[in-house]
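J.: Handing over target.cif, mmCIF, C-alpha atoms.
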```
data_work
loop_
_atom_site.label_atom_id
_atom_site.label_comp_id
_atom_site.auth_asym_id
_atom_site.auth_seq_id
_atom_site.Cartn_x
_atom_site.Cartn_y
_atom_site.Cartn_z
CA MET A 1 4.07 13.75 -30.07
CA THR A 2 6.30 10.76 -30.81
CA ASN A 3 6.76 7.99 -28.29
CA ASP A 4 10.47 7.24 -28.10
CA LEU A 5 11.54 4.54 -25.67
CA GLU A 6 15.11 4.63 -26.98
CA ARG A 7 15.41 8.36 -26.32
CA VAL A 8 13.99 7.94 -22.82
CA ILE A 9 16.49 5.17 -22.09
CA HIS A 10 19.30 7.32 -23.52
CA PHE A 11 18.43 10.20 -21.21
CA LEU A 12 18.28 7.89 -18.19
CA ARG A 13 21.58 6.21 -19.05
CA THR A 14 23.55 9.36 -19.83
CA GLY A 15 22.19 11.64 -17.12
CA SER A 16 24.02 11.95 -13.83
CA SER A 17 21.55 13.94 -11.71
CA PHE A 18 17.76 13.62 -11.85
CA LEU A 19 14.83 15.54 -10.41
CA ILE A 20 11.78 13.26 -10.34
CA VAL A 21 8.51 15.19 -10.38
CA THR A 22 4.83 14.27 -10.47
CA HIS A 23 1.49 16.04 -10.29
CA GLU A 24 0.17 18.01 -7.34
CA ASN A 25 -1.99 16.12 -4.84
CA PRO A 26 -0.27 12.88 -5.88
CA ASP A 27 -2.05 9.53 -5.90
CA GLY A 28 -0.62 6.03 -5.52
CA ASP A 29 0.54 5.68 -9.12
CA ALA A 30 2.28 9.07 -9.10
CA ILE A 31 4.11 8.42 -5.84
CA GLY A 32 4.86 4.78 -6.61
CA ALA A 33 6.42 5.73 -9.94
CA SER A 34 8.40 8.65 -8.47
CA LEU A 35 9.86 6.62 -5.62
CA ALA A 36 10.54 3.58 -7.80
CA LEU A 37 12.43 5.62 -10.41
CA THR A 38 14.35 7.50 -7.71
CA LEU A 39 15.45 4.25 -6.05
CA ALA A 40 16.27 2.68 -9.42
CA LEU A 41 18.52 5.56 -10.51
CA GLN A 42 20.22 5.62 -7.12
CA SER A 43 20.94 1.91 -7.53
CA LEU A 44 22.83 2.88 -10.70
CA SER A 45 24.98 5.31 -8.64
CA LYS A 46 23.19 8.38 -9.97
CA LYS A 47 21.90 11.35 -7.99
CA ALA A 48 18.11 11.28 -7.91
CA VAL A 49 15.65 13.35 -5.88
CA ALA A 50 11.87 12.93 -5.76
CA TYR A 51 9.84 16.15 -5.53
CA ASP A 52 6.19 17.04 -5.22
CA VAL A 53 4.65 20.37 -4.35
CA HIS A 54 2.36 18.69 -1.83
CA PRO A 55 3.34 16.45 1.10
CA LEU A 56 2.91 12.72 0.81
CA PRO A 57 -0.60 11.46 1.62
CA LYS A 58 -0.72 9.71 4.98
CA TYR A 59 -1.72 6.36 3.52
CA LEU A 60 1.43 6.28 1.37
CA ARG A 61 4.00 7.16 4.01
CA PHE A 62 4.87 3.50 4.58
CA LEU A 63 6.45 3.20 1.14
CA PRO A 64 10.20 2.59 0.82
CA GLY A 65 11.92 5.90 0.14
CA ALA A 66 8.88 7.97 1.13
CA ALA A 67 10.74 9.84 3.85
CA ASN A 68 13.05 11.37 1.23
CA LEU A 69 10.32 13.02 -0.86
CA THR A 70 10.94 16.78 -0.82
CA GLN A 71 8.79 19.88 -1.34
CA GLU A 72 11.77 22.06 -2.27
CA ALA A 73 13.97 21.73 -5.33
CA ASP A 74 15.89 23.77 -7.90
CA PRO A 75 15.47 22.20 -11.37
CA ALA A 76 18.62 23.97 -12.61
CA ALA A 77 20.70 21.86 -10.22
CA PHE A 78 19.89 18.70 -12.20
CA ASP A 79 20.86 17.71 -15.73
CA THR A 80 17.67 15.67 -16.33
CA ILE A 81 14.07 16.25 -15.29
CA CYS A 82 11.65 13.30 -15.18
CA ILE A 83 7.95 14.18 -15.00
CA LEU A 84 5.78 11.16 -14.23
CA ASP A 85 2.04 10.51 -14.40
CA CYS A 86 1.33 14.13 -15.28
CA GLY A 87 -0.71 15.08 -18.33
CA ALA A 88 0.16 18.78 -18.24
CA PRO A 89 3.16 20.66 -16.77
CA ALA A 90 0.82 23.11 -15.05
CA ARG A 91 -0.12 20.30 -12.66
CA THR A 92 3.40 20.13 -11.25
CA GLY A 93 2.87 23.36 -9.32
CA PRO A 94 5.04 26.48 -9.07
CA LEU A 95 8.11 24.87 -10.69
CA LYS A 96 6.39 24.24 -14.03
CA GLU A 97 8.22 26.94 -16.01
CA SER A 98 11.65 26.19 -14.60
CA LEU A 99 11.14 22.46 -15.18
CA LEU A 100 10.45 22.89 -18.90
CA ALA A 101 13.34 25.37 -19.22
CA GLN A 102 15.74 22.46 -18.76
CA PRO A 103 17.06 20.86 -21.97
CA ARG A 104 16.41 17.23 -20.96
CA VAL A 105 12.84 16.51 -19.86
CA VAL A 106 11.51 12.95 -19.75
CA ASN A 107 7.70 12.73 -19.90
CA LEU A 108 6.41 9.33 -18.78
CA ASP A 109 2.65 8.95 -18.53
CA HIS A 110 -0.50 6.98 -19.37
CA HIS A 111 -3.06 9.81 -19.59
CA LEU A 112 -4.82 10.17 -22.94
CA THR A 113 -4.79 13.95 -22.48
CA ASN A 114 -1.01 14.19 -22.08
CA GLU A 115 0.35 17.21 -23.96
CA GLY A 116 3.64 15.63 -25.09
CA TYR A 117 5.68 18.38 -23.47
CA GLY A 118 8.93 16.49 -22.93
CA SER A 119 12.09 16.35 -24.98
CA ALA A 120 11.70 12.57 -24.59
CA ASN A 121 8.12 11.28 -24.37
CA LEU A 122 6.70 7.87 -23.56
CA VAL A 123 2.93 8.07 -23.22
CA GLU A 124 0.85 4.90 -23.39
CA PRO A 125 -2.86 5.51 -22.71
CA LYS A 126 -3.65 1.80 -22.92
CA ALA A 127 -1.38 1.05 -19.96
CA SER A 128 -3.02 0.53 -16.59
CA SER A 129 -0.72 3.00 -14.90
CA THR A 130 2.50 4.92 -15.16
CA CYS A 131 4.06 2.24 -12.95
CA GLU A 132 3.25 -0.37 -15.59
CA ILE A 133 5.10 1.70 -18.19
CA LEU A 134 7.98 2.40 -15.83
CA SER A 135 8.38 -1.32 -15.14
CA GLY A 136 9.19 -1.85 -18.81
CA VAL A 137 11.54 1.14 -18.86
CA LEU A 138 13.49 -0.20 -15.87
CA ARG A 139 13.72 -3.60 -17.54
CA GLU A 140 15.24 -1.98 -20.65
CA LEU A 141 17.57 0.02 -18.42
CA GLY A 142 18.84 -3.17 -16.80
CA VAL A 143 17.77 -2.23 -13.27
CA THR A 144 17.69 -5.06 -10.74
CA LEU A 145 14.32 -5.07 -9.00
CA THR A 146 14.81 -4.79 -5.26
CA PRO A 147 11.89 -5.35 -2.85
CA ALA A 148 11.75 -1.57 -2.31
CA ILE A 149 11.48 -0.76 -6.03
CA ALA A 150 9.05 -3.62 -6.59
CA THR A 151 6.76 -2.51 -3.75
CA ASN A 152 6.47 1.01 -5.15
CA LEU A 153 5.73 -0.24 -8.66
CA TYR A 154 3.20 -2.76 -7.36
CA LEU A 155 1.39 -0.06 -5.40
CA GLY A 156 1.03 2.15 -8.48
CA ILE A 157 -0.55 -0.61 -10.55
CA TYR A 158 -2.68 -1.85 -7.66
CA THR A 159 -4.16 1.56 -6.89
CA ASP A 160 -4.74 2.74 -10.46
CA THR A 161 -6.62 -0.49 -11.24
CA MET A 162 -8.55 -0.21 -7.95
CA MET A 163 -7.30 -3.64 -6.81
CA PHE A 164 -7.67 -4.95 -10.40
CA GLN A 165 -11.37 -4.12 -10.38
CA ASN A 166 -11.58 -1.50 -13.11
CA SER A 167 -11.21 -1.54 -16.88
CA ALA A 168 -7.59 -0.34 -16.69
CA SER A 169 -6.61 -3.86 -15.62
CA ASN A 170 -4.94 -5.68 -18.49
CA PRO A 171 -2.93 -8.89 -18.99
CA ASN A 172 0.39 -7.02 -18.91
CA ALA A 173 -0.47 -5.42 -15.57
CA TYR A 174 -1.21 -8.84 -14.06
CA ARG A 175 2.01 -10.28 -15.52
CA ILE A 176 4.14 -7.42 -14.21
CA CYS A 177 2.61 -7.67 -10.73
CA GLY A 178 3.52 -11.35 -10.71
CA GLU A 179 7.12 -10.40 -11.48
CA LEU A 180 7.08 -7.69 -8.83
CA THR A 181 5.75 -10.12 -6.24
CA ALA A 182 8.50 -12.57 -7.14
CA ALA A 183 11.02 -9.74 -6.69
CA GLY A 184 9.82 -9.18 -3.14
CA ALA A 185 7.05 -6.56 -3.44
CA ASP A 186 5.26 -6.34 -0.10
CA PHE A 187 1.79 -6.85 -1.57
CA MET A 188 0.27 -7.58 1.83
CA ALA A 189 1.39 -4.21 3.19
CA VAL A 190 0.07 -2.44 0.08
CA ALA A 191 -3.38 -4.03 0.41
CA ARG A 192 -3.56 -3.42 4.13
CA ARG A 193 -2.31 0.18 4.22
CA VAL A 194 -4.21 1.38 1.17
CA TYR A 195 -7.59 -0.34 1.36
CA ILE A 196 -7.97 -1.97 4.79
CA ASP A 197 -6.41 0.19 7.51
CA THR A 198 -8.62 3.08 8.58
CA SER A 199 -9.41 5.35 11.53
CA ALA A 200 -12.51 6.17 13.56
CA GLU A 201 -12.46 9.69 12.12
CA ARG A 202 -12.44 8.38 8.57
CA LEU A 203 -15.42 6.13 9.26
CA LEU A 204 -17.28 9.05 10.82
CA ILE A 205 -16.77 11.29 7.79
CA LEU A 206 -17.67 8.41 5.50
CA GLY A 207 -20.98 8.21 7.33
CA ARG A 208 -21.59 11.91 6.76
CA ALA A 209 -20.62 11.59 3.10
CA LEU A 210 -23.01 8.65 2.63
CA ASN A 211 -25.79 10.76 4.13
CA SER A 212 -25.19 13.23 1.29
CA LEU A 213 -25.89 10.60 -1.37
CA GLN A 214 -28.01 11.79 -4.28
CA VAL A 215 -29.23 9.62 -7.13
CA HIS A 216 -30.48 11.13 -10.39
CA ASP A 217 -31.92 10.13 -13.76
CA ASP A 218 -33.44 6.82 -12.69
CA GLY A 219 -30.24 5.80 -10.93
CA ARG A 220 -27.85 6.46 -13.80
CA ILE A 221 -25.98 9.20 -11.86
CA ALA A 222 -25.02 8.94 -8.19
CA GLY A 223 -22.71 11.00 -6.04
CA LEU A 224 -21.48 12.11 -2.63
CA VAL A 225 -20.15 15.35 -1.20
CA CYS A 226 -17.75 16.04 1.68
CA ARG A 227 -18.03 19.39 3.42
CA ARG A 228 -15.03 21.29 4.69
CA GLN A 229 -16.60 21.88 8.10
CA ASP A 230 -16.87 18.12 8.64
CA MET A 231 -13.24 17.63 7.61
CA LEU A 232 -12.04 20.33 10.01
CA GLU A 233 -14.18 18.99 12.85
CA LEU A 234 -12.85 15.46 12.46
CA GLY A 235 -9.27 16.35 11.52
CA ILE A 236 -9.60 14.64 8.14
CA THR A 237 -7.59 15.48 5.02
CA PRO A 238 -8.77 15.07 1.41
CA ASP A 239 -6.42 12.08 1.11
CA ASP A 240 -8.56 10.19 3.61
CA MET A 241 -11.51 10.36 1.22
CA GLU A 242 -9.74 9.41 -1.99
CA THR A 243 -11.70 6.17 -2.47
CA PHE A 244 -15.16 7.42 -1.40
CA VAL A 245 -16.24 7.76 -5.04
CA GLU A 246 -16.33 3.97 -5.21
CA TYR A 247 -19.40 3.87 -2.93
CA PRO A 248 -21.86 5.58 -5.32
CA ARG A 249 -20.17 3.81 -8.20
CA SER A 250 -21.02 0.45 -6.59
CA ILE A 251 -24.78 1.07 -6.61
CA VAL A 252 -26.47 -1.33 -9.01
CA GLY A 253 -27.57 0.57 -12.11
CA THR A 254 -25.19 3.51 -11.64
CA GLN A 255 -23.55 4.52 -14.92
CA VAL A 256 -21.50 7.49 -13.67
CA ALA A 257 -20.48 8.39 -10.11
CA TYR A 258 -18.98 11.53 -8.63
CA LEU A 259 -17.38 12.69 -5.39
CA LEU A 260 -17.06 16.38 -4.50
CA ARG A 261 -14.90 17.77 -1.67
CA GLU A 262 -14.87 21.34 -0.44
CA GLU A 263 -11.50 23.07 -0.28
CA ARG A 264 -10.07 26.44 0.75
CA ASP A 265 -12.72 28.18 2.84
CA SER A 266 -15.50 26.41 0.95
CA GLU A 267 -14.88 28.42 -2.21
CA ARG A 268 -13.19 25.68 -4.22
CA VAL A 269 -14.21 22.10 -4.97
CA LYS A 270 -12.18 19.06 -5.90
CA GLY A 271 -14.09 16.43 -7.84
CA SER A 272 -13.67 12.85 -8.99
CA PHE A 273 -15.61 10.93 -11.67
CA ARG A 274 -15.91 7.19 -12.26
CA ALA A 275 -17.80 5.56 -15.13
CA ASN A 276 -19.25 2.06 -15.27
CA ILE A 277 -20.15 2.31 -18.96
CA ASP A 278 -18.53 3.59 -22.13
CA VAL A 279 -18.82 7.32 -21.44
CA ASP A 280 -15.84 9.70 -21.50
CA VAL A 281 -15.71 11.40 -18.10
CA ALA A 282 -12.32 12.92 -19.01
CA LYS A 283 -14.19 15.19 -21.44
CA VAL A 284 -16.61 16.16 -18.69
CA SER A 285 -13.71 16.85 -16.37
CA ALA A 286 -12.01 19.00 -19.02
CA LYS A 287 -15.03 21.32 -19.04
CA LEU A 288 -14.30 21.94 -15.37
CA GLY A 289 -10.58 22.50 -15.87
CA GLY A 290 -9.49 18.92 -15.17
CA GLY A 291 -8.63 15.78 -17.07
CA GLY A 292 -7.78 12.13 -16.68
CA HIS A 293 -8.91 8.89 -18.27
CA LYS A 294 -12.04 7.92 -20.15
CA LYS A 295 -13.57 6.15 -17.14
CA ALA A 296 -11.73 7.87 -14.27
CA ALA A 297 -11.08 11.60 -14.13
CA GLY A 298 -10.84 14.54 -11.78
CA PHE A 299 -10.91 18.31 -11.57
CA ARG A 300 -10.58 21.29 -9.26
CA VAL A 301 -12.85 24.30 -9.78
CA GLU A 302 -13.70 27.57 -8.06
CA GLY A 303 -17.22 27.76 -6.66
CA ARG A 304 -19.58 26.85 -3.86
CA LEU A 305 -20.24 23.16 -3.33
CA ASP A 306 -23.96 23.19 -4.06
CA GLU A 307 -23.45 25.22 -7.24
CA VAL A 308 -20.69 22.90 -8.44
CA ARG A 309 -22.83 19.86 -7.68
CA ALA A 310 -25.66 21.20 -9.82
CA ARG A 311 -23.22 21.90 -12.67
CA VAL A 312 -21.66 18.45 -12.38
CA ILE A 313 -25.04 16.73 -12.58
CA GLU A 314 -25.94 18.81 -15.63
CA LEU A 315 -22.67 17.94 -17.42
CA LEU A 316 -22.92 14.24 -16.59
CA ARG A 317 -26.50 14.17 -17.83
CA GLU A 318 -25.38 15.75 -21.12
CA ALA A 319 -22.53 13.23 -21.44
CA LEU A 320 -24.88 10.28 -20.97
CA GLU A 321 -27.36 11.66 -23.48
CA THR A 322 -24.72 12.19 -26.19
CA LYS A 323 -22.44 9.17 -25.67
#
```
Output the file's structure in the form of C-alpha cells.
T.:
Amino acid sequence: MTNDLERVIHFLRTGSSFLIVTHENPDGDAIGASLALTLALQSLSKKAVAYDVHPLPKYLRFLPGAANLTQEADPAAFDTICILDCGAPARTGPLKESLLAQPRVVNLDHHLTNEGYGSANLVEPKASSTCEILSGVLRELGVTLTPAIATNLYLGIYTDTMMFQNSASNPNAYRICGELTAAGADFMAVARRVYIDTSAERLLILGRALNSLQVHDDGRIAGLVCRRQDMLELGITPDDMETFVEYPRSIVGTQVAYLLREERDSERVKGSFRANIDVDVAKVSAKLGGGGHKKAAGFRVEGRLDEVRARVIELLREALETK
C-alpha cells in the first residue's frame, strides 16, 4: 500500500458526489470524521452523504450534521466513495462489496491493520485519530473550518486520545485541537456530552459491571463484563458502556484491561482491550476476529460470555508472557 495524499486530494477535488462511510458500531472518531468530511464537501458545493449501517450512538447525537446520517445508501449513485477509520471493508456492513466495486475509493485511516483497499489510500498509524489525518487533508483541500466542522474533528481527536490521556496523544494532535478551538469547536459540549453527562440507568449498570471485576496474575490483568439481561432490564445500549474498560485499566498495577459485553441472545460477545504497557493487544484481538491499535483494540466473537472471558484471560496471559 502506498500513501498518496495528492491522489486523495485529487479525488476530493474532482468528485461531484460522495458517499462517506465508516465502520459498523461507530465510535467518536469514526462519526466525527464522517460528519466533518460531509460538511466540508458540502461547503465546496458538492453532494455528500454520510452513511453507517448502525444508528448513531446516543452520546453523539448532539454533533452538527448528526441528524443527516443515513442507514440506507446506494454506492452506485455516487462517483466517489470515502471510507474513514475502517481497517477492513468487511467492517462497513452489507454494502462492502458494492462499495469496493466503485472505481474511486478513498481510504483514510490510522489503524496499523488497515488493508490498503482503496484506489487512493492515506493511512497513518502514528496519528492519534482519523480526525487528525482528516484535519490535514481539509487544510490541503482549502476548506474553511466552520464551528460545525471543527467540533466534529475535535470530538474525534478528543475521544480517540481518551481526553488526551493515552499514548495516542501527540504534539500534532494538541496543535490541531488548538486550531479547531480557535475555529469555534464547541469543546465544552464535547467534554460534557461524552464524558460527563450520564443517566441513572447507566450508573446502575456500571455498578453491576464493577461487581463483575476480576483481577488475575498478581493484578496484571483486570476486566469487567456486562450481561445482556442487565442491559435489557435497565434499557441500556452497548454505546452507554463504551468507556467502562477504563475502570479496570485505572487499577494501579494493571498492565492489560478488558471489557466484555453480551450481545444477541447471549450467544455473541463484544470485547475491548486497553494496555498500559508495551504489549500488542491488536494481535490478541486479531485472534478473536478483531483488530485495532497496539494499545487499544476490540473484537466481536460468537460464544457464551463465561467461555469467552476464560479465552480472553488465556490470550492476554500469553501476550504478557511473550511480549
J.: Go through the shown structure with the PyMOL selection byres ((chain A and resi 55) around 9) and write out the matching residues as a PyMOL selection string.
T.: chain A and resi 25-26+52-54+56-58+69-71
J.: Write a file of the just-selected residues containing C-alpha atoms, as a PDB file, keeping the file's coordinate frame.
T.:
```
ATOM      1  CA  ASN A  25      -1.990  16.120  -4.840  1.00  0.00           C
ATOM      2  CA  PRO A  26      -0.270  12.880  -5.880  1.00  0.00           C
ATOM      3  CA  ASP A  52       6.190  17.040  -5.220  1.00  0.00           C
ATOM      4  CA  VAL A  53       4.650  20.370  -4.350  1.00  0.00           C
ATOM      5  CA  HIS A  54       2.360  18.690  -1.830  1.00  0.00           C
ATOM      6  CA  LEU A  56       2.910  12.720   0.810  1.00  0.00           C
ATOM      7  CA  PRO A  57      -0.600  11.460   1.620  1.00  0.00           C
ATOM      8  CA  LYS A  58      -0.720   9.710   4.980  1.00  0.00           C
ATOM      9  CA  LEU A  69      10.320  13.020  -0.860  1.00  0.00           C
ATOM     10  CA  THR A  70      10.940  16.780  -0.820  1.00  0.00           C
ATOM     11  CA  GLN A  71       8.790  19.880  -1.340  1.00  0.00           C
TER      12      GLN A  71
END
```
J.: Calculate how many Å separate CA of Met188 (chain A) from CA of Leu84 (chain A), rounding to one decimal.
T.: 25.3 Å
J.: Using all atoms listed in the file, which of A:Gln229, A:Ser17, A:Gln214, A:Thr113 sits nearest Arg309 (chain A)?
T.: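 Ranked by minimum distance to Arg309 (chain A), first place goes to A:Gln214.
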J.: When distances are computed from only C-alpha atoms, which of A:Val308, A:Ile251, A:Ala30, A:Ile83 shows the smallest separation from Thr130 (chain A)?
T.: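 Looking at the shortest contact to Thr130 (chain A), the residue is A:Ala30.
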J.: Can you pull out the residues contacting Phe244 (chain A)? Cut-off 8 Å, using all atoms listed in the file, and skip same-chain residues under 2 positions away; I want them as JSON, numbers by chain.
T.: {"A": [206, 224, 241, 242, 246, 247, 248, 259]}
J.: Keeping only C-alpha atoms, write the selected residues to a file as a short mmCIF file (atom, residue, chain, number, x, y, z; two decimals), keeping the file's coordinate frame.
T.:
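Result file follows (result.cif):
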```cif
data_model
loop_
_atom_site.label_atom_id
_atom_site.label_comp_id
_atom_site.auth_asym_id
_atom_site.auth_seq_id
_atom_site.Cartn_x
_atom_site.Cartn_y
_atom_site.Cartn_z
CA LEU A 206 -17.67 8.41 5.50
CA LEU A 224 -21.48 12.11 -2.63
CA MET A 241 -11.51 10.36 1.22
CA GLU A 242 -9.74 9.41 -1.99
CA GLU A 246 -16.33 3.97 -5.21
CA TYR A 247 -19.40 3.87 -2.93
CA PRO A 248 -21.86 5.58 -5.32
CA LEU A 259 -17.38 12.69 -5.39
#
```
J.: Could you tell me, as a count of residues only, exactly which residues end up selected when the PyMOL selection byres ((chain A and resi 98-104) around 12) is applied to this structure?
T.: 45
J.: Take CA of Arg228 (chain A) and CA of Ala310 (chain A) and report the distance between them in Å, one decimal.
T.: 18.0 Å
J.: Have a look at A:Thr237, A:Thr243, A:Asn211, A:Thr161 and name the one nearest to Glu262 (chain A); count only C-alpha atoms.
T.: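 Once distances to Glu262 (chain A) are computed over only C-alpha atoms, the minimum belongs to A:Thr237.
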J.: Go through A:Leu260, A:Ala182, A:Ala150, A:Val312 one by one, measure the shortest atom-to-atom distance of each to Arg227 (chain A) using only C-alpha atoms, and give the residue with the smallest value.
T.: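 Counting only C-alpha atoms, the residue closest to Arg227 (chain A) is A:Leu260.
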J.: Pick out the closest residue to Gly28 (chain A) from this set: A:Glu140, A:Asp239, A:Asp186, A:Glu233. Count all atoms listed in the file.
T.: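 Of A:Glu140, A:Asp239, A:Asp186, A:Glu233, the one nearest Gly28 (chain A) is A:Asp239, counting all atoms listed in the file.
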